[in-house]
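Next up, start07.txt (compact mmCIF, C-alpha atoms):
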# COMPACT_ATOMS: atom_id res chain seq x y z
CA MET A 1 -46.76 17.42 -51.48
CA ARG A 2 -44.05 14.78 -51.55
CA HIS A 3 -41.44 17.51 -51.57
CA GLN A 4 -42.92 19.08 -48.42
CA GLN A 5 -43.05 15.69 -46.66
CA LEU A 6 -39.45 14.97 -47.54
CA LEU A 7 -38.44 18.40 -46.26
CA ARG A 8 -40.19 17.75 -42.94
CA ILE A 9 -38.40 14.38 -42.58
CA LEU A 10 -35.01 15.90 -43.32
CA THR A 11 -35.64 18.77 -40.90
CA THR A 12 -36.72 16.39 -38.13
CA THR A 13 -33.70 14.17 -38.78
CA SER A 14 -31.38 17.15 -38.69
CA ILE A 15 -32.83 18.39 -35.40
CA SER A 16 -32.64 14.92 -33.86
CA SER A 17 -29.05 14.52 -34.97
CA ALA A 18 -28.12 17.92 -33.58
CA SER A 19 -29.84 17.09 -30.32
CA LEU A 20 -28.04 13.77 -30.14
CA TYR A 21 -24.74 15.44 -30.92
CA LYS A 22 -25.36 18.01 -28.22
CA THR A 23 -26.18 15.46 -25.49
CA THR A 24 -23.39 13.03 -26.36
CA PRO A 25 -20.38 15.04 -27.57
CA PRO A 26 -17.72 13.09 -29.44
CA TYR A 27 -14.71 11.72 -27.51
CA ALA A 28 -16.56 12.09 -24.18
CA GLN A 29 -15.67 8.55 -23.22
CA PHE A 30 -12.09 9.07 -24.37
CA ALA A 31 -11.83 12.23 -22.25
CA SER A 32 -13.10 10.37 -19.22
CA VAL A 33 -10.55 7.60 -19.70
CA ALA A 34 -7.79 10.15 -20.25
CA ALA A 35 -8.73 11.99 -17.05
CA ALA A 36 -8.64 8.75 -15.08
CA ALA A 37 -5.26 7.89 -16.60
CA ALA A 38 -3.92 11.33 -15.69
CA ALA A 39 -5.06 10.87 -12.09
CA GLU A 40 -3.40 7.46 -11.97
CA MET A 41 -0.21 8.94 -13.38
CA SER A 42 -0.36 11.59 -10.67
CA VAL A 43 -0.53 8.89 -7.98
CA GLU A 44 2.35 6.94 -9.52
CA ASP A 45 4.40 10.11 -9.80
CA ALA A 46 3.72 10.84 -6.13
CA LYS A 47 4.83 7.34 -5.18
CA ARG A 48 8.02 7.71 -7.20
CA LYS A 49 8.93 11.07 -5.67
CA ALA A 50 8.43 9.75 -2.13
CA ALA A 51 10.49 6.65 -2.86
CA PHE A 52 13.33 8.58 -4.48
CA ALA A 53 13.46 11.06 -1.57
CA ALA A 54 13.72 8.29 1.01
CA VAL A 55 16.42 6.38 -0.87
CA ASP A 56 18.45 9.54 -1.53
CA ASN A 57 18.21 10.81 2.05
CA HIS A 58 18.78 7.59 3.97
CA VAL A 59 20.66 4.92 2.03
CA LYS A 60 24.46 5.02 2.29
CA LYS A 61 27.31 2.98 0.89
CA GLY A 62 27.87 -0.49 2.31
CA GLN A 63 24.57 -0.65 4.18
CA VAL A 64 22.20 -3.56 4.68
CA VAL A 65 18.84 -2.37 3.34
CA GLY A 66 15.47 -3.92 4.12
CA VAL A 67 13.27 -3.83 1.02
CA GLY A 68 9.55 -3.64 1.71
CA SER A 69 6.62 -4.80 -0.39
CA GLY A 70 3.91 -3.18 -2.47
CA SER A 71 3.54 -0.83 -5.43
CA THR A 72 5.53 2.09 -4.00
CA ILE A 73 8.54 -0.12 -3.28
CA VAL A 74 8.94 -0.74 -7.00
CA HIS A 75 10.07 2.89 -7.34
CA ALA A 76 12.43 2.59 -4.36
CA VAL A 77 14.15 -0.41 -5.93
CA ASP A 78 14.41 1.49 -9.22
CA ARG A 79 16.25 4.27 -7.41
CA LEU A 80 18.47 1.81 -5.52
CA LYS A 81 19.42 0.27 -8.86
CA GLN A 82 20.25 3.69 -10.34
CA ARG A 83 22.39 4.70 -7.39
CA ALA A 84 24.12 1.32 -7.25
CA GLN A 85 25.16 1.76 -10.88
CA GLU A 86 26.17 5.41 -10.51
CA GLU A 87 27.83 5.38 -7.07
CA ASP A 88 28.96 1.78 -6.50
CA LEU A 89 26.82 1.64 -3.33
CA ASN A 90 27.68 -2.00 -2.55
CA ILE A 91 24.49 -2.41 -0.53
CA ARG A 92 23.03 -5.77 0.50
CA CYS A 93 19.25 -6.12 0.40
CA VAL A 94 16.99 -8.12 2.73
CA PRO A 95 13.57 -8.88 1.17
CA THR A 96 10.30 -8.81 3.11
CA SER A 97 8.28 -10.89 0.66
CA PHE A 98 8.45 -12.98 -2.51
CA GLN A 99 7.73 -9.81 -4.48
CA ALA A 100 10.60 -7.94 -2.82
CA ARG A 101 12.99 -10.81 -3.50
CA GLN A 102 12.12 -10.77 -7.19
CA LEU A 103 12.50 -6.98 -7.38
CA ILE A 104 15.97 -7.21 -5.82
CA LEU A 105 17.10 -9.97 -8.17
CA ASP A 106 15.64 -8.30 -11.27
CA ALA A 107 17.45 -5.06 -10.37
CA GLY A 108 20.78 -6.88 -10.08
CA LEU A 109 21.19 -5.89 -6.43
CA ILE A 110 22.89 -8.11 -3.85
CA LEU A 111 20.38 -10.40 -2.12
CA THR A 112 20.89 -11.35 1.52
CA ASP A 113 18.73 -12.39 4.49
CA LEU A 114 18.45 -12.20 8.27
CA GLU A 115 20.48 -15.39 8.74
CA ARG A 116 23.49 -13.68 7.20
CA GLU A 117 22.87 -10.19 8.62
CA SER A 118 22.68 -9.68 12.38
CA GLN A 119 21.02 -6.31 11.89
CA VAL A 120 19.57 -4.20 9.08
CA ASP A 121 20.74 -0.61 8.76
CA ILE A 122 17.57 0.77 7.23
CA THR A 123 14.27 -0.61 6.00
CA ILE A 124 12.14 1.27 3.49
CA ASP A 125 8.54 0.14 3.14
CA GLY A 126 5.11 1.39 2.15
CA CYS A 127 1.86 1.52 4.10
CA ASP A 128 -1.89 1.50 3.64
CA GLU A 129 -2.31 4.37 6.12
CA ALA A 130 -0.19 6.35 8.58
CA ASP A 131 -1.44 8.61 11.38
CA ASP A 132 0.27 11.58 13.07
CA ASN A 133 2.18 9.25 15.42
CA LEU A 134 3.31 7.19 12.41
CA THR A 135 1.24 4.27 13.60
CA LEU A 136 0.79 2.27 10.42
CA ILE A 137 -1.71 -0.12 8.90
CA LYS A 138 -0.02 -2.54 6.53
CA GLY A 139 -0.94 -5.79 4.85
CA GLY A 140 -3.47 -4.67 2.27
CA GLY A 141 -1.32 -6.36 -0.33
CA GLY A 142 -1.05 -9.55 1.70
CA CYS A 143 2.39 -8.97 3.26
CA LEU A 144 2.86 -8.00 6.90
CA THR A 145 4.67 -10.55 9.10
CA GLN A 146 8.00 -10.61 7.27
CA GLU A 147 7.78 -6.85 6.84
CA LYS A 148 7.36 -6.37 10.58
CA ILE A 149 10.22 -8.72 11.41
CA VAL A 150 12.68 -6.96 9.11
CA ALA A 151 11.56 -3.51 10.30
CA ALA A 152 11.86 -4.56 13.95
CA PHE A 153 15.49 -5.61 13.47
CA SER A 154 16.42 -2.41 11.63
CA LYS A 155 18.26 0.56 13.05
CA GLU A 156 15.99 2.84 11.04
CA PHE A 157 12.54 2.30 9.54
CA VAL A 158 11.31 4.76 6.91
CA VAL A 159 7.89 4.76 5.24
CA ILE A 160 7.07 5.86 1.68
CA ALA A 161 3.59 6.48 0.26
CA ASP A 162 1.47 8.78 -1.84
CA TYR A 163 -0.77 11.54 -0.45
CA ARG A 164 -3.81 9.22 -0.11
CA LYS A 165 -2.17 7.30 2.75
CA ASN A 166 -1.52 10.27 5.03
CA SER A 167 -4.06 10.71 7.88
CA SER A 168 -4.26 12.41 11.24
CA GLN A 169 -5.75 9.24 12.72
CA LEU A 170 -6.21 5.70 11.47
CA GLY A 171 -9.53 4.97 9.80
CA GLN A 172 -9.80 8.13 7.74
CA GLN A 173 -8.46 6.45 4.61
CA TRP A 174 -8.29 2.73 5.50
CA LYS A 175 -11.07 0.83 7.23
CA TYR A 176 -9.58 -2.50 8.33
CA VAL A 177 -6.56 -4.11 9.99
CA PRO A 178 -5.11 -7.20 8.25
CA ILE A 179 -4.28 -10.08 10.60
CA GLU A 180 -2.28 -13.15 9.56
CA VAL A 181 -3.67 -16.34 11.09
CA VAL A 182 -2.92 -20.05 11.07
CA PRO A 183 -5.45 -21.60 8.64
CA PHE A 184 -7.01 -24.24 10.88
CA ALA A 185 -7.78 -21.66 13.60
CA TRP A 186 -9.12 -18.80 11.46
CA LYS A 187 -12.73 -19.19 12.57
CA GLN A 188 -11.87 -19.29 16.28
CA VAL A 189 -9.61 -16.23 15.91
CA LYS A 190 -12.38 -14.41 14.05
CA GLN A 191 -14.89 -15.12 16.82
CA LYS A 192 -12.41 -14.11 19.54
CA ILE A 193 -11.61 -10.78 17.91
CA GLU A 194 -15.26 -9.92 17.34
CA SER A 195 -16.31 -10.87 20.88
CA GLU A 196 -13.47 -9.02 22.62
CA LEU A 197 -12.89 -6.02 20.35
CA GLY A 198 -16.13 -5.69 18.38
CA GLY A 199 -16.42 -4.98 14.69
CA GLU A 200 -16.23 -7.69 12.04
CA ALA A 201 -13.30 -9.87 10.98
CA LYS A 202 -13.64 -11.14 7.40
CA LEU A 203 -11.63 -13.94 5.85
CA ARG A 204 -9.95 -12.40 2.81
CA MET A 205 -10.94 -14.26 -0.34
CA ALA A 206 -8.73 -14.48 -3.42
CA LYS A 207 -9.76 -12.85 -6.70
CA ALA A 208 -7.81 -15.00 -9.15
CA LYS A 209 -8.30 -18.37 -7.44
CA ALA A 210 -11.01 -20.21 -5.61
CA GLY A 211 -10.83 -19.90 -1.84
CA PRO A 212 -8.97 -17.56 0.52
CA VAL A 213 -5.80 -15.55 0.00
CA VAL A 214 -2.71 -17.48 1.09
CA THR A 215 0.28 -15.48 2.37
CA ASP A 216 3.98 -16.07 1.68
CA ASN A 217 3.98 -17.95 4.99
CA SER A 218 1.13 -20.26 3.87
CA ASN A 219 -1.36 -18.62 6.22
CA PHE A 220 -4.76 -16.90 5.89
CA LEU A 221 -5.66 -13.25 6.37
CA LEU A 222 -8.49 -11.85 8.46
CA ASP A 223 -9.42 -8.24 7.68
CA TRP A 224 -10.78 -6.71 10.88
CA TYR A 225 -13.19 -3.80 10.35
CA TRP A 226 -13.22 -2.11 13.74
CA GLY A 227 -15.85 0.54 13.00
CA GLU A 228 -15.79 4.21 13.94
CA LYS A 229 -14.65 4.05 17.56
CA ALA A 230 -11.30 5.42 18.72
CA MET A 231 -8.66 2.85 19.58
CA ASP A 232 -5.54 2.55 21.68
CA TRP A 233 -3.59 0.83 18.92
CA GLN A 234 -0.77 -0.39 21.15
CA GLU A 235 -3.28 -2.13 23.41
CA VAL A 236 -5.30 -3.48 20.48
CA ASN A 237 -2.20 -4.90 18.81
CA THR A 238 -1.11 -6.62 22.02
CA LYS A 239 -4.54 -8.16 22.57
CA ILE A 240 -4.71 -9.55 19.06
CA VAL A 241 -1.22 -11.05 18.90
CA LEU A 242 -1.88 -12.85 22.20
CA ILE A 243 -4.76 -14.80 20.65
CA PRO A 244 -3.60 -18.36 19.87
CA GLY A 245 -3.57 -18.84 16.11
CA VAL A 246 -2.54 -15.26 15.29
CA LEU A 247 0.86 -14.90 13.65
CA ASP A 248 0.92 -11.09 13.59
CA THR A 249 -1.10 -7.99 12.74
CA GLY A 250 -0.78 -5.22 10.19
CA LEU A 251 -0.51 -2.66 12.99
CA PHE A 252 2.99 -1.17 13.17
CA VAL A 253 3.03 0.80 16.42
CA ASN A 254 6.04 2.89 17.52
CA MET A 255 8.20 1.44 14.76
CA ALA A 256 8.61 4.03 11.98
CA GLN A 257 10.84 7.07 12.52
CA LYS A 258 9.94 9.00 9.39
CA ALA A 259 7.50 8.97 6.48
CA TYR A 260 7.67 10.52 3.03
CA PHE A 261 4.42 11.31 1.21
CA GLY A 262 4.45 12.30 -2.44
CA LEU A 263 1.92 15.09 -3.04
CA GLU A 264 -0.29 15.92 -6.02
CA ASN A 265 1.66 19.12 -6.70
CA GLY A 266 4.93 17.23 -7.14
CA GLU A 267 6.37 18.04 -3.72
CA VAL A 268 7.23 15.57 -0.96
CA PHE A 269 5.85 15.97 2.55
CA GLU A 270 7.95 14.60 5.42
CA LYS A 271 6.40 13.46 8.67
CA VAL A 272 8.48 12.57 11.73
CA SER A 273 7.31 10.32 14.54
CA GLN A 274 6.46 12.13 17.77
CA THR A 275 6.88 8.99 19.87
CA GLN A 276 10.38 7.87 18.87
Could you take the file, read its structure, and then write that structure out as structure tokens?
Amino acid sequence: MRHQQLLRILTTTSISSASLYKTTPPYAQFASVAAAAAAEMSVEDAKRKAAFAAVDNHVKKGQVVGVGSGSTIVHAVDRLKQRAQEEDLNIRCVPTSFQARQLILDAGLILTDLERESQVDITIDGCDEADDNLTLIKGGGGCLTQEKIVAAFSKEFVVIADYRKNSSQLGQQWKYVPIEVVPFAWKQVKQKIESELGGEAKLRMAKAKAGPVVTDNSNFLLDWYWGEKAMDWQEVNTKIVLIPGVLDTGLFVNMAQKAYFGLENGEVFEKVSQTQ
């Protein structure tokens, strides 16, 4: 009798274990993490390919180069460093942010600024989204005003990004426009934007500190979610920058001449502005 009971217990345990094994295969969590890492590597590889293509196709010896901000720019600076060592490029680099300045210095490139350079030959920068007219949304990483200034005083402005940033119209991939505002007027600017243009303007809050994000210019950022309606971005940009308290917007309209998008298959897609 005891033998039969023990046999039933062992059989039940065996079946339960097999069932458990079947529903939760070993290394499932590891496989999920590995897949996510592979996808992330694919994005980083796409960024690198776009950055390398732009630097190789546009940067020439002796030029003044505007260095943008963001994760894709890291790869562009890496390529500038390689070419400077291999070809004696003798380029001078104008930063668009604290991050860009540190990247330039860490790479051993020559640091300069707009006080010393009357004009920049080419600026290479990333974007949060670009449409078919190469109208850009920038500022997701907190930098936009210095980026726009350097790009505006450049003979050529080239954009680099991965495949996720390429859209036929703004809003397909990115849902808000960053706006840099003077801190003591942020609430009035928010109300003005919402009353005149609709949508919702949210004060961007910091994640690693208490309170709002503070830009390199010691200002705040409003992220304006405009909704689903179509926009005349040139008109919208003009309306916003005319509001007292606004320093600038993350809308770059009729500024970029060309964009390079790294694709998932390892190729690079080039898009040329139709309005330049």
### Task
Skip stretch 102-105 of chain A itself and residues of its chain fewer than 6 positions away, then list as a list in words all residues within 10 Å of it, counting only C-alpha atoms.
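Counting only C-alpha atoms, the residues come to Val67, Ser69, Ile73, Val74, Val77, Asp78, Leu80, Lys81, Arg92, Cys93, Val94, Pro95, Leu111 and Thr112 of chain A.
With only C-alpha atoms as the atoms that count, the residue of A:Gln146, A:Gln99, A:Gln63, A:Asn166 with the shortest distance to A:Gly262 is A:Asn166.
Atom pair atom CA of A:Tyr163 / atom CA of A:Lys202: separated by 27.2 Å.
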### Task
Just the residues within 9 Å of stretch 179-188 of chain A, please, counting only C-alpha atoms, with nothing from its chain fewer than 5 positions along; format it as a PyMOL selection string.
chain A and resi 139+142-145+193+203+215+218-224+240-241+244-251
### Closest of A:Lys258, A:Arg83, A:His75, A:Lys175 to A:Val59 - atom-to-atom distances counting all atoms listed in the file
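Comparing A:Lys258, A:Arg83, A:His75, A:Lys175 against A:Val59, the winner is A:Arg83.
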### Message
Using only C-alpha atoms, can you tell me which of A:Leu263, A:Ala130, A:Met255, A:Val64 comes closest to A:Glu44?
### Response
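Once distances to A:Glu44 are computed over only C-alpha atoms, the minimum belongs to A:Leu263.
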### Task
Excluding A:Lys155 and residues on its chain fewer than 5 positions from it, collect all residues at most 8 Å away from it, counting all atoms listed in the file, and give them as number ranges by chain.
A: 119-122
### Task
For A:Gly68, list every protein, DNA or RNA residue within 8 Å, evaluated using only C-alpha atoms, and leave out those in the same chain fewer than 6 positions away; present the list as a ChimeraX atom specification.
/A:95-97,100,123-126,147
Store the residues picked out above in a file with C-alpha atoms, as a short mmCIF file (atom, residue, chain, number, x, y, z; two decimals), keeping the file's coordinate frame.
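Listed below is the output, part_17.cif:
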data_model
loop_
_atom_site.label_atom_id
_atom_site.label_comp_id
_atom_site.auth_asym_id
_atom_site.auth_seq_id
_atom_site.Cartn_x
_atom_site.Cartn_y
_atom_site.Cartn_z
CA PRO A 95 13.57 -8.88 1.17
CA THR A 96 10.30 -8.81 3.11
CA SER A 97 8.28 -10.89 0.66
CA ALA A 100 10.60 -7.94 -2.82
CA THR A 123 14.27 -0.61 6.00
CA ILE A 124 12.14 1.27 3.49
CA ASP A 125 8.54 0.14 3.14
CA GLY A 126 5.11 1.39 2.15
CA GLU A 147 7.78 -6.85 6.84
#
### Message
Need the shell around A:Asn254: protein/DNA/RNA residues with any atom at most 8 Å away, counting all atoms listed in the file. Skip same-chain ones fewer than 2 positions apart. Format as number ranges by chain?
### Response
A: 133-135, 252, 256, 275-276
Could you turn the residues from that selection into a file that holds C-alpha atoms, as a PDB file, keeping the file's coordinate frame?
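part-v7.pdb written:
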ATOM      1  CA  ASN A 133       2.180   9.250  15.420  1.00  0.00           C
ATOM      2  CA  LEU A 134       3.310   7.190  12.410  1.00  0.00           C
ATOM      3  CA  THR A 135       1.240   4.270  13.600  1.00  0.00           C
ATOM      4  CA  PHE A 252       2.990  -1.170  13.170  1.00  0.00           C
ATOM      5  CA  ALA A 256       8.610   4.030  11.980  1.00  0.00           C
ATOM      6  CA  THR A 275       6.880   8.990  19.870  1.00  0.00           C
ATOM      7  CA  GLN A 276      10.380   7.870  18.870  1.00  0.00           C
TER       8      GLN A 276
END
### Message
To one decimal place in Å, what is the distance between atom CA of A:Lys47 and atom CA of A:Leu89?
### Response
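One can read the atom CA of A:Lys47 to atom CA of A:Leu89 distance as 22.8 Å.
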### Query
Nearest to A:Asp128: which of A:Met231, A:Ala201, A:Ile160, A:Ala54 is it, counting all atoms listed in the file?
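Smallest separation from A:Asp128 among the options: A:Ile160.
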Once you add 8 Å to each side, what are the centre and edge lengths of the axis-aligned box holding all listed atoms of stretch 257-261 of chain A? One decimal in Å, as lines of an AutoDock Vina configuration file, if you can.
center_x = 7.6
center_y = 9.2
center_z = 6.9
size_x = 22.4
size_y = 20.2
size_z = 27.3
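When only C-alpha atoms are used to compute distances to A:Glu267, the closest of the residues A:Asp232, A:Asp162, A:Asp132, A:Glu194 turns out to be A:Asp162.
For the atom pair formed by atom CA of A:Ile91 and atom CA of A:Ala50, the distance is 20.2 Å, given to one decimal.
Residue nearest A:Glu156 within the list A:Leu109, A:Ser273, A:Ala84, A:Leu197: A:Ser273 [criterion: smallest interatomic distance, all atoms listed in the file].
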